[in-house]
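Engineer: I am sharing model31.txt, which consists of compact mmCIF, C-alpha atoms:
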```
# COMPACT_ATOMS: atom_id res chain seq x y z
CA MET A 1 26.40 91.55 230.10
CA PHE A 2 29.15 92.34 227.61
CA VAL A 3 31.26 89.51 229.05
CA ILE A 4 28.41 87.01 228.56
CA ILE A 5 27.84 88.15 224.96
CA GLN A 6 31.57 87.91 224.27
CA PHE A 7 31.67 84.41 225.78
CA PHE A 8 28.85 83.16 223.56
CA SER A 9 30.36 84.84 220.48
CA ASP A 10 33.65 83.03 221.15
CA THR A 11 31.98 79.64 221.65
CA TRP A 12 29.02 79.86 219.25
CA LEU A 13 29.79 76.68 217.31
CA LEU A 14 30.06 74.55 220.43
CA TRP A 15 26.63 75.71 221.61
CA ILE A 16 25.11 74.94 218.21
CA LEU A 17 26.55 71.41 218.25
CA LEU A 18 25.37 70.82 221.82
CA SER A 19 21.90 72.22 221.04
CA ILE A 20 21.46 69.91 218.06
CA GLY A 21 22.65 66.94 220.12
CA GLY A 22 20.37 67.86 223.01
CA LEU A 23 17.35 68.24 220.73
CA LEU A 24 17.99 64.86 219.11
CA TRP A 25 18.43 63.23 222.53
CA TRP A 26 15.15 64.75 223.74
CA ARG A 27 13.26 63.53 220.68
CA GLY A 28 14.98 60.14 220.85
CA ARG A 29 13.85 59.27 224.37
CA ASP A 30 10.58 57.78 223.13
CA ASN A 31 11.21 57.63 219.39
CA GLN A 32 13.40 54.90 217.94
CA TYR A 33 14.13 56.77 214.73
CA PHE A 34 15.41 59.92 216.47
CA HIS A 35 17.41 57.72 218.83
CA TYR A 36 19.11 56.30 215.74
CA VAL A 37 19.71 59.83 214.40
CA PHE A 38 21.14 60.87 217.78
CA ASN A 39 23.59 57.94 217.74
CA ARG A 40 24.63 58.69 214.15
CA TYR A 41 25.10 62.37 215.03
CA TRP A 42 27.57 61.72 217.84
CA LEU A 43 29.29 59.03 215.79
CA ALA A 44 29.81 61.61 213.03
CA LEU A 45 31.27 64.09 215.52
CA ALA A 46 33.58 61.44 216.96
CA THR A 47 34.70 60.52 213.45
CA LEU A 48 35.46 64.16 212.70
CA LEU A 49 37.54 64.39 215.88
CA LEU A 50 39.50 61.29 214.85
CA VAL A 51 39.95 62.63 211.32
CA SER A 52 41.27 65.95 212.68
CA GLY A 53 43.94 64.10 214.67
CA ILE A 54 44.95 61.97 211.67
CA VAL A 55 45.10 64.96 209.32
CA PHE A 56 47.12 67.05 211.78
CA SER A 57 49.53 64.16 212.39
CA LEU A 58 50.04 63.60 208.65
CA MET A 59 50.92 67.27 208.22
CA GLU A 60 53.67 66.74 210.83
CA VAL A 61 55.29 64.07 208.63
CA LEU A 62 56.09 66.62 205.92
CA PRO A 63 59.80 67.57 205.94
CA GLY A 64 60.56 71.05 207.27
CA ASP A 65 58.00 73.50 208.55
CA CYS A 66 56.50 76.85 207.68
CA ALA A 67 59.09 78.77 209.68
CA GLU A 68 61.93 77.34 207.61
CA LYS A 69 60.10 78.15 204.38
CA TYR A 70 59.45 81.72 205.48
CA ILE A 71 63.03 82.25 206.64
CA ALA A 72 64.33 80.76 203.38
CA TYR A 73 62.20 83.27 201.47
CA LYS A 74 63.66 86.16 203.49
CA ASN A 75 67.13 84.77 202.79
CA THR A 76 66.48 85.06 199.05
CA GLN A 77 65.78 88.76 199.59
CA GLY A 78 69.38 89.32 200.73
CA GLU A 79 68.87 89.10 204.50
CA THR A 80 71.35 87.15 206.62
CA ILE A 81 69.53 84.41 208.52
CA THR A 82 70.87 82.46 211.50
CA GLN A 83 69.63 79.39 213.32
CA ALA A 84 68.50 81.66 216.14
CA ASP A 85 66.26 83.52 213.68
CA ILE A 86 64.68 80.23 212.60
CA GLN A 87 64.06 79.22 216.20
CA ALA A 88 62.59 82.62 217.04
CA GLU A 89 60.23 82.32 214.06
CA ARG A 90 59.17 78.85 215.26
CA VAL A 91 58.40 80.27 218.70
CA ARG A 92 56.41 83.14 217.18
CA MET A 93 54.34 80.69 215.08
CA GLY A 94 53.88 78.28 217.98
CA LEU A 95 55.75 75.51 216.16
CA ASP A 96 58.02 74.92 219.18
CA LYS A 97 55.11 73.29 221.01
CA SER A 98 54.54 69.53 220.96
CA LEU A 99 52.22 67.92 218.41
CA PRO A 100 49.45 67.01 220.94
CA GLU A 101 49.52 70.54 222.34
CA ARG A 102 49.25 72.19 218.92
CA TRP A 103 46.53 69.76 217.83
CA GLY A 104 44.61 70.34 221.07
CA ARG A 105 44.73 74.10 220.56
CA TRP A 106 43.71 73.76 216.91
CA VAL A 107 40.78 71.41 217.53
CA THR A 108 39.60 73.48 220.52
CA ASN A 109 39.45 76.68 218.46
CA LEU A 110 37.75 74.74 215.67
CA THR A 111 35.11 73.28 217.99
CA LEU A 112 34.41 76.52 219.85
CA ARG A 113 34.11 78.99 216.99
CA GLY A 114 34.96 77.27 213.69
CA ASP A 115 38.49 78.71 213.60
CA LEU A 116 40.64 76.64 211.22
CA GLY A 117 43.89 78.14 212.47
CA PHE A 118 46.49 80.56 211.17
CA SER A 119 48.09 80.33 207.74
CA CYS A 120 51.76 81.13 208.24
CA ALA A 121 52.33 81.42 204.49
CA LYS A 122 49.43 83.79 203.85
CA ARG A 123 49.99 85.64 207.15
CA GLN A 124 46.28 85.52 207.97
CA SER A 125 43.69 83.13 209.36
CA VAL A 126 42.91 80.03 207.34
CA ASN A 127 39.26 81.12 207.16
CA LEU A 128 40.27 84.36 205.42
CA ALA A 129 42.90 82.63 203.26
CA LEU A 130 40.29 80.21 201.97
CA GLY A 131 37.58 82.83 201.50
CA ASP A 132 35.23 81.55 198.82
CA ARG A 133 37.76 79.09 197.44
CA PHE A 134 36.44 76.06 199.26
CA TRP A 135 32.89 76.86 198.18
CA MET A 136 34.21 77.10 194.63
CA SER A 137 35.74 73.62 194.95
CA PHE A 138 32.54 72.34 196.54
CA MET A 139 30.45 73.65 193.64
CA PHE A 140 32.88 72.18 191.10
CA CYS A 141 32.60 68.76 192.76
CA MET A 142 28.80 68.90 193.11
CA ALA A 143 28.38 70.06 189.51
CA GLY A 144 30.70 67.25 188.37
CA LEU A 145 28.66 64.72 190.36
CA LEU A 146 25.39 66.09 189.00
CA PHE A 147 26.82 65.79 185.48
CA ALA A 148 27.87 62.21 186.25
CA TYR A 149 24.51 61.16 187.69
CA LEU A 150 22.48 62.77 184.91
CA ILE A 151 24.39 60.67 182.39
CA ALA A 152 25.21 57.51 184.35
CA VAL A 153 21.78 56.77 185.84
CA PRO A 154 19.63 56.74 182.67
CA PHE A 155 22.31 55.20 180.45
CA GLY A 156 23.27 52.68 183.15
CA ILE A 157 19.63 51.58 183.35
CA PHE A 158 19.49 51.39 179.56
CA SER A 159 22.64 49.28 179.50
CA ALA A 160 21.23 46.90 182.11
CA PHE A 161 17.98 46.67 180.15
CA THR A 162 19.90 45.82 176.96
CA ILE A 163 22.63 43.56 178.32
CA ASN A 164 20.80 40.23 177.82
CA LYS A 165 18.91 41.14 174.67
CA PRO A 166 19.79 39.37 171.38
CA TRP A 167 21.13 41.14 168.31
CA LYS A 168 18.42 39.73 166.08
CA ASP A 169 14.64 39.53 166.40
CA LYS A 170 13.73 35.84 166.11
CA ASN A 171 10.19 36.05 167.41
CA PRO A 172 8.17 33.59 165.24
CA GLN A 173 4.96 35.55 165.87
CA HIS A 174 6.38 38.59 164.04
CA SER A 175 6.15 39.03 160.31
CA GLN A 176 9.30 39.34 158.21
CA VAL A 177 9.01 43.12 158.14
CA GLU A 178 8.44 43.27 161.90
CA GLN A 179 11.45 41.02 162.45
CA TRP A 180 13.57 43.25 160.22
CA ILE A 181 12.48 46.39 162.09
CA GLY A 182 13.00 44.63 165.42
CA THR A 183 16.49 43.50 164.38
CA VAL A 184 17.45 47.06 163.44
CA MET A 185 16.22 48.37 166.78
CA LEU A 186 17.91 45.59 168.78
CA SER A 187 21.17 46.06 166.88
CA GLY A 188 21.07 49.80 167.51
CA GLN A 189 20.53 49.24 171.23
CA LYS A 190 23.39 46.73 171.40
CA VAL A 191 25.75 49.06 169.52
CA LEU A 192 24.87 51.92 171.89
CA ASP A 193 25.46 49.59 174.85
CA LEU A 194 28.91 48.66 173.51
CA LEU A 195 29.69 52.33 172.97
CA LEU A 196 28.71 53.10 176.56
CA ARG A 197 31.00 50.33 177.80
CA VAL A 198 33.92 51.68 175.77
CA ILE A 199 33.31 55.17 177.15
CA SER A 200 33.15 53.85 180.72
CA TYR A 201 36.42 51.93 180.28
CA LEU A 202 38.08 55.02 178.83
CA GLY A 203 36.81 57.07 181.75
CA LEU A 204 38.39 54.68 184.22
CA ALA A 205 41.66 54.31 182.31
CA LEU A 206 42.26 57.89 181.14
CA PRO A 207 43.50 60.24 183.92
CA ASN A 208 41.49 63.41 184.33
CA PHE A 209 44.49 65.72 183.98
CA LEU A 210 45.41 64.02 180.68
CA LEU A 211 41.88 64.58 179.42
CA ALA A 212 42.16 68.26 180.40
CA LEU A 213 45.50 68.59 178.59
CA THR A 214 44.05 66.89 175.50
CA ILE A 215 41.11 69.31 175.34
CA ILE A 216 43.40 72.31 175.83
CA LEU A 217 45.72 71.08 173.04
CA LEU A 218 42.75 70.65 170.72
CA TYR A 219 41.86 74.30 171.31
CA VAL A 220 45.48 75.29 170.61
CA PHE A 221 45.61 73.30 167.36
CA ALA A 222 42.29 74.83 166.30
CA GLY A 223 43.65 78.33 166.94
CA GLU A 224 40.98 79.08 169.54
CA PRO A 225 41.56 80.73 172.96
CA MET A 226 42.19 78.14 175.67
CA PRO A 227 39.23 77.73 178.10
CA THR A 228 41.47 77.83 181.18
CA GLY A 229 40.56 79.60 184.40
CA LEU A 230 37.05 80.89 185.00
CA PHE A 231 37.18 83.95 182.74
CA SER A 232 39.18 85.19 179.81
CA ASP A 233 41.54 88.12 180.40
CA GLN A 234 39.02 90.49 178.84
CA TRP A 235 36.30 89.76 181.41
CA ALA A 236 38.25 88.72 184.53
CA SER A 237 38.17 92.18 186.14
CA VAL A 238 34.82 93.36 184.74
CA PRO A 239 32.02 93.52 187.38
CA TRP A 240 28.87 91.50 186.87
CA PHE A 241 26.74 94.63 186.91
CA GLY A 242 27.83 97.56 184.76
CA PRO A 243 26.25 100.88 183.77
CA ASN A 244 23.79 99.07 181.48
CA GLY A 245 22.82 96.40 184.02
CA PHE A 246 23.83 92.76 184.14
CA GLU A 247 26.75 91.87 181.88
CA MET A 248 25.44 88.97 179.80
CA GLU A 249 28.71 88.80 177.86
CA LYS A 250 30.58 88.00 181.07
CA LEU A 251 28.07 85.25 181.80
CA TYR A 252 28.64 83.78 178.33
CA ASP A 253 32.39 83.99 178.88
CA PHE A 254 32.00 82.26 182.27
CA LEU A 255 29.91 79.45 180.76
CA GLY A 256 32.52 79.07 178.03
CA HIS A 257 35.12 78.29 180.72
CA ILE A 258 33.24 76.59 183.55
CA TRP A 259 32.20 73.59 181.46
CA LEU A 260 35.80 72.33 181.23
CA PRO A 261 36.47 71.65 184.95
CA ILE A 262 32.95 70.24 185.39
CA PHE A 263 33.33 67.92 182.41
CA VAL A 264 36.86 66.82 183.34
CA ILE A 265 36.19 66.03 187.01
CA GLY A 266 32.85 64.43 186.13
CA TRP A 267 34.43 62.22 183.45
CA SER A 268 35.76 59.41 185.64
CA ALA A 269 32.81 59.68 188.04
CA THR A 270 30.46 59.17 185.10
CA ALA A 271 32.37 56.09 183.97
CA LEU A 272 32.37 54.54 187.43
CA GLN A 273 28.71 55.30 188.15
CA LEU A 274 27.71 53.98 184.72
CA GLN A 275 29.15 50.59 185.59
CA THR A 276 27.80 50.76 189.14
CA VAL A 277 24.23 51.50 188.04
CA ARG A 278 24.34 48.78 185.40
CA ALA A 279 25.64 46.21 187.92
CA LEU A 280 23.07 47.18 190.56
CA VAL A 281 20.11 47.03 188.16
CA VAL A 282 21.26 43.74 186.60
CA ASP A 283 21.69 42.22 190.06
CA GLU A 284 18.22 43.37 191.19
CA SER A 285 16.56 42.23 187.95
CA SER A 286 17.65 38.63 188.56
CA LYS A 287 15.96 38.36 191.97
CA LEU A 288 12.84 36.37 192.72
CA TYR A 289 10.56 39.32 193.46
CA VAL A 290 11.11 40.54 189.89
CA ASP A 291 10.21 37.10 188.52
CA ALA A 292 7.11 37.13 190.74
CA ALA A 293 6.07 40.53 189.38
CA ARG A 294 6.64 39.32 185.84
CA ALA A 295 4.47 36.27 186.54
CA ARG A 296 1.67 38.60 187.67
CA GLY A 297 1.74 40.23 184.24
CA VAL A 298 3.89 43.26 185.02
CA ASP A 299 6.22 43.91 182.10
CA GLY A 300 8.15 46.58 180.22
CA VAL A 301 8.82 49.97 181.77
CA ALA A 302 6.43 49.34 184.66
CA LEU A 303 8.39 46.24 185.67
CA TRP A 304 11.83 47.85 185.47
CA ALA A 305 10.88 51.19 187.01
CA GLY A 306 8.79 49.68 189.78
CA TYR A 307 11.18 46.97 190.93
CA PRO A 308 14.90 46.65 189.99
CA VAL A 309 15.47 50.34 189.20
CA ARG A 310 13.67 51.62 192.30
CA HIS A 311 15.58 49.24 194.56
CA SER A 312 18.91 50.14 192.95
CA ILE A 313 18.70 53.84 193.75
CA SER A 314 19.28 53.48 197.52
CA PRO A 315 22.89 52.19 197.29
CA LEU A 316 23.65 54.88 194.73
CA PHE A 317 22.19 57.61 196.95
CA ASN A 318 24.13 56.28 199.93
CA SER A 319 27.45 56.64 198.07
CA ILE A 320 27.21 60.39 197.37
CA GLY A 321 29.70 61.24 200.12
CA PHE A 322 32.28 58.79 198.85
CA ASP A 323 31.73 60.00 195.28
CA PHE A 324 32.40 63.58 196.45
CA GLN A 325 35.68 62.50 198.04
CA ARG A 326 36.72 60.63 194.90
CA VAL A 327 35.97 63.67 192.72
CA PHE A 328 37.82 66.04 195.06
CA ASN A 329 40.86 63.74 194.95
CA ASP A 330 41.07 64.43 191.21
CA LEU A 331 40.49 68.17 191.57
CA PRO A 332 43.95 69.44 192.74
CA ILE A 333 45.93 68.27 189.70
CA VAL A 334 43.07 69.28 187.39
CA ALA A 335 43.01 72.74 189.01
CA VAL A 336 46.73 73.15 188.34
CA VAL A 337 46.37 72.07 184.69
CA ILE A 338 43.32 74.25 183.99
CA GLY A 339 44.57 77.22 186.02
CA LEU A 340 41.88 77.37 188.70
CA THR A 341 42.39 79.23 191.98
CA ASP A 342 40.13 77.16 194.22
CA SER A 343 41.02 75.39 197.47
CA ALA A 344 42.37 72.36 195.58
CA ALA A 345 45.08 74.52 193.99
CA LEU A 346 45.69 76.11 197.40
CA LEU A 347 46.13 72.63 198.88
CA ILE A 348 48.83 71.82 196.33
CA GLU A 349 50.59 75.08 197.21
CA ALA A 350 50.37 74.41 200.96
CA LEU A 351 51.73 70.86 200.65
CA SER A 352 54.46 71.26 198.04
CA MET A 353 55.64 74.86 198.30
CA THR A 354 54.99 76.52 201.66
CA ASN A 355 54.58 73.61 204.13
CA ASP A 356 51.62 75.51 205.55
CA GLN A 357 50.41 72.77 207.88
CA GLU A 358 47.33 74.46 209.31
CA LEU A 359 46.12 75.61 205.88
CA ALA A 360 46.49 72.11 204.42
CA ALA A 361 44.93 70.56 207.52
CA GLY A 362 42.01 73.00 207.32
CA ILE A 363 41.27 72.14 203.68
CA LEU A 364 41.51 68.38 204.26
CA PHE A 365 39.33 68.68 207.35
CA LEU A 366 36.66 70.56 205.39
CA VAL A 367 36.66 67.82 202.75
CA ALA A 368 36.25 65.20 205.49
CA LEU A 369 33.48 67.32 207.02
CA VAL A 370 31.56 67.38 203.74
CA VAL A 371 31.99 63.62 203.22
CA ILE A 372 30.92 62.71 206.77
CA SER A 373 28.00 65.18 206.64
CA MET A 374 26.77 63.69 203.36
CA ASN A 375 27.03 60.18 204.76
CA PHE A 376 25.11 61.26 207.86
CA ILE A 377 22.36 62.89 205.77
CA THR A 378 22.01 59.91 203.42
CA ASP A 379 21.87 57.46 206.32
CA VAL A 380 19.17 59.51 208.05
CA VAL A 381 17.11 59.97 204.87
CA LEU A 382 17.33 56.31 203.84
CA ALA A 383 16.31 55.19 207.32
CA ALA A 384 13.22 57.37 206.97
CA ILE A 385 12.10 56.45 203.45
CA ASP A 386 13.47 52.97 202.67
CA PRO A 387 11.65 50.15 204.54
CA ARG A 388 14.60 47.77 204.06
CA VAL A 389 17.07 50.16 205.67
CA ARG A 390 14.58 51.13 208.38
CA LYS A 391 14.08 47.48 209.33
CA SER A 392 17.83 46.80 209.44
CA VAL A 393 18.77 49.82 211.59
CA LEU A 394 15.62 50.23 213.67
CA GLY A 395 14.44 46.66 213.86
CA SER A 396 10.90 47.66 212.92
```
Please re-express this file's structure in structure tokens.

Structural biologist:
Amino acid sequence: MFVIIQFFSDTWLLWILLSIGGLLWWRGRDNQYFHYVFNRYWLALATLLLVSGIVFSLMEVLPGDCAEKYIAYKNTQGETITQADIQAERVRMGLDKSLPERWGRWVTNLTLRGDLGFSCAKRQSVNLALGDRFWMSFMFCMAGLLFAYLIAVPFGIFSAFTINKPWKDKNPQHSQVEQWIGTVMLSGQKVLDLLLRVISYLGLALPNFLLALTIILLYVFAGEPMPTGLFSDQWASVPWFGPNGFEMEKLYDFLGHIWLPIFVIGWSATALQLQTVRALVVDESSKLYVDAARARGVDGVALWAGYPVRHSISPLFNSIGFDFQRVFNDLPIVAVVIGLTDSAALLIEALSMTNDQELAAGILFLVALVVISMNFITDVVLAAIDPRVRKSVLGS
């Protein structure tokens, strides 16, 4: 009995994956939608397998290996190191094996029990080395995307609504006062639209790390403490709950620091989504079904919300996974500038300082896992709720 329990504890992830696949196959035998979900599920798993091989192979391209880095560190401590010592360290770390053999062992442990490997630099498993750091990076990226969408979606719709409007009210049915008021309102909308365009161009042209440095320098010139890291030195080691209960001052200190990484990594995403939303809504508003609705007497907010805006949300929702990847790509250098200790900063350390291949591969694989999972979820949801997508993928 103990052997059976041990076997299932060592292969728990594989059984979960197989159970989900089996359940989807069972439901998909007589249901076209679940058959589509089943196919997308195994396609996602196959993509993850391919990504794991690519990531692991790219880590092999890096010059040197973790054994050389570790031996070089011991050499700086005054120890005499020989080539035999380096080779013995490679054997101990398993680096003497071929690339396919090491990848096969890594992906097998990952598939069976979610083991991301062993970090030779940290001298512990990658799972322990990451700890909560990847979740910290995940929350940074999701908060940055939420910040981007909350700004880009309404202002992108506003920009699309304003793009073809004139600067001056020339409606002959309006009185002179009404025309003057209308001109002021139209001019204000056009000025705000131009301002939004300038901000979006700046967001695309200005690197995120330069924006972070600029904000930090502004704090320095103003003589204020820099909002780097997650806490100031005063509150970094203070527990959240003290003798008098929850420490509200630590929460205020945290909020005074957390806004900077969210704002910086959401900056370029906001600029890109602002232009994307505007382009999508403008494209939908020029289609015949909108003209048909306008001919039936639908106008104003009802027209825009019910037709071009509603039909523009699906492509935006479907791009969440790619947006996450784009935001995470900006996070490592931003983390170094701001002084964060999340997985993005750990990735920079693993690639540039320690050559910790399995740690870097584990982080990159987790990013790919999040992106592929988000794409899978959005595909499944859109196929369920959007008639256009359902007809294209299900044929009914």

Engineer: Which residues are close to A:Trp235, i.e. within 8 Å by only C-alpha atoms, leaving aside same-chain residues fewer than 4 positions away? Reply as a ChimeraX atom specification.

Structural biologist: /A:231,250,253

Engineer: Near A:Ala212, counting all atoms listed in the file, which residues have an atom at most 12 Å away, once you skip same-chain residues fewer than 2 positions from it, shown as a PyMOL selection string?

Structural biologist: chain A and resi 206-210+214-219+226-228+259-267+330-331+333-339

Engineer: When distances are computed from only C-alpha atoms, which of A:Ser373, A:Ser232, A:Trp167, A:Gly245 shows the smallest separation from A:Gln179?

Structural biologist: A:Trp167

Engineer: Work out how far apart atom CA of A:Leu274 and atom CA of A:Trp304 are and give it in Å to one decimal.

Structural biologist: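 So the two atoms, atom CA of A:Leu274 and atom CA of A:Trp304, lie 17.0 Å apart.
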
Engineer: Can you work out which one of A:Gly53, A:Gly21, A:Gly229, A:Gly131 has the shortest atom-to-atom distance to A:Gly104, counting all atoms listed in the file?

Structural biologist: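 Among A:Gly53, A:Gly21, A:Gly229, A:Gly131, it is A:Gly53 that comes nearest to A:Gly104.
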
Engineer: One number please: atom CA of A:Ile4 to atom CA of A:Leu45, in Å, one decimal.

Structural biologist: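 So the answer is 26.5 Å.
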
Engineer: Near A:Arg40, within 10 Å and counting only C-alpha atoms, which residues show up once chain neighbours fewer than 2 positions away are dropped, as a list in words?

Structural biologist: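 Those residues are Phe34, His35, Tyr36, Val37, Phe38, Trp42, Leu43, Ala44, Leu45, Ala46, Asn375, Phe376, Ile377, Asp379 and Val380 of chain A.
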
Engineer: Taking (34.6, 82.0, 209.2) in the file's coordinates, which residues come within 9 Å, counting all atoms listed in the file, written as a short mmCIF file (atom, residue, chain, number, x, y, z; two decimals) with C-alpha atoms, in the coordinates of the input?

Structural biologist:
```cif
data_model
loop_
_atom_site.label_atom_id
_atom_site.label_comp_id
_atom_site.auth_asym_id
_atom_site.auth_seq_id
_atom_site.Cartn_x
_atom_site.Cartn_y
_atom_site.Cartn_z
CA ARG A 113 34.11 78.99 216.99
CA GLY A 114 34.96 77.27 213.69
CA ASP A 115 38.49 78.71 213.60
CA LEU A 116 40.64 76.64 211.22
CA VAL A 126 42.91 80.03 207.34
CA ASN A 127 39.26 81.12 207.16
CA LEU A 128 40.27 84.36 205.42
CA GLY A 131 37.58 82.83 201.50
#
```

Engineer: Set the distance at 9 Å and use only C-alpha atoms: which residues neighbour A:Phe322 once local chain neighbours fewer than 2 positions away are removed? I'd like the list as a VMD selection string.

Structural biologist: chain A and resid 318 to 320 324 to 327 371 to 372 374 to 375

Engineer: One number please: atom CA of A:Ala361 to atom CA of A:Trp12, in Å, one decimal.

Structural biologist: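 Here the two named atoms are 21.8 Å from each other.
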
Engineer: Can you pull out every residue within 8 Å of A:Thr270, counting all atoms listed in the file, but drop anything in the same chain fewer than 2 positions away, and send it as a list in words?

Structural biologist: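 Here the answer would be Leu145, Phe147, Ala148, Tyr149, Ile151, Ala152, Ser200, Gly203, Gly266, Trp267, Ser268, Leu272, Gln273 and Leu274 of chain A.
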
Engineer: Kindly export the residues of the current selection with C-alpha atoms, as an mmCIF file, in the coordinates of the input.

Structural biologist:
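Dumped to part.cif:
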```cif
data_model
loop_
_atom_site.group_PDB
_atom_site.id
_atom_site.type_symbol
_atom_site.label_atom_id
_atom_site.label_comp_id
_atom_site.auth_asym_id
_atom_site.auth_seq_id
_atom_site.Cartn_x
_atom_site.Cartn_y
_atom_site.Cartn_z
ATOM 1 C CA LEU A 145 28.660 64.720 190.360
ATOM 2 C CA PHE A 147 26.820 65.790 185.480
ATOM 3 C CA ALA A 148 27.870 62.210 186.250
ATOM 4 C CA TYR A 149 24.510 61.160 187.690
ATOM 5 C CA ILE A 151 24.390 60.670 182.390
ATOM 6 C CA ALA A 152 25.210 57.510 184.350
ATOM 7 C CA SER A 200 33.150 53.850 180.720
ATOM 8 C CA GLY A 203 36.810 57.070 181.750
ATOM 9 C CA GLY A 266 32.850 64.430 186.130
ATOM 10 C CA TRP A 267 34.430 62.220 183.450
ATOM 11 C CA SER A 268 35.760 59.410 185.640
ATOM 12 C CA LEU A 272 32.370 54.540 187.430
ATOM 13 C CA GLN A 273 28.710 55.300 188.150
ATOM 14 C CA LEU A 274 27.710 53.980 184.720
#
```

Engineer: Give the answer as one residue: which of A:Ser19, A:Asn355, A:Thr11, A:Thr276 has the shortest atom-to-atom distance to A:Ala160, using only C-alpha atoms?

Structural biologist: A:Thr276

Engineer: With only C-alpha atoms as the basis for distance, which of A:Gly256, A:Leu49, A:Gly22, A:Leu351 is at the shortest distance from A:Leu62?

Structural biologist: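 Ranking A:Gly256, A:Leu49, A:Gly22, A:Leu351 by distance to A:Leu62, first place goes to A:Leu351.
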
Engineer: Which one is closest to A:Pro154: A:Leu369, A:Leu194, A:Val389, A:Ala305? Count all atoms listed in the file.

Structural biologist: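 The closest residue to A:Pro154 is A:Ala305.
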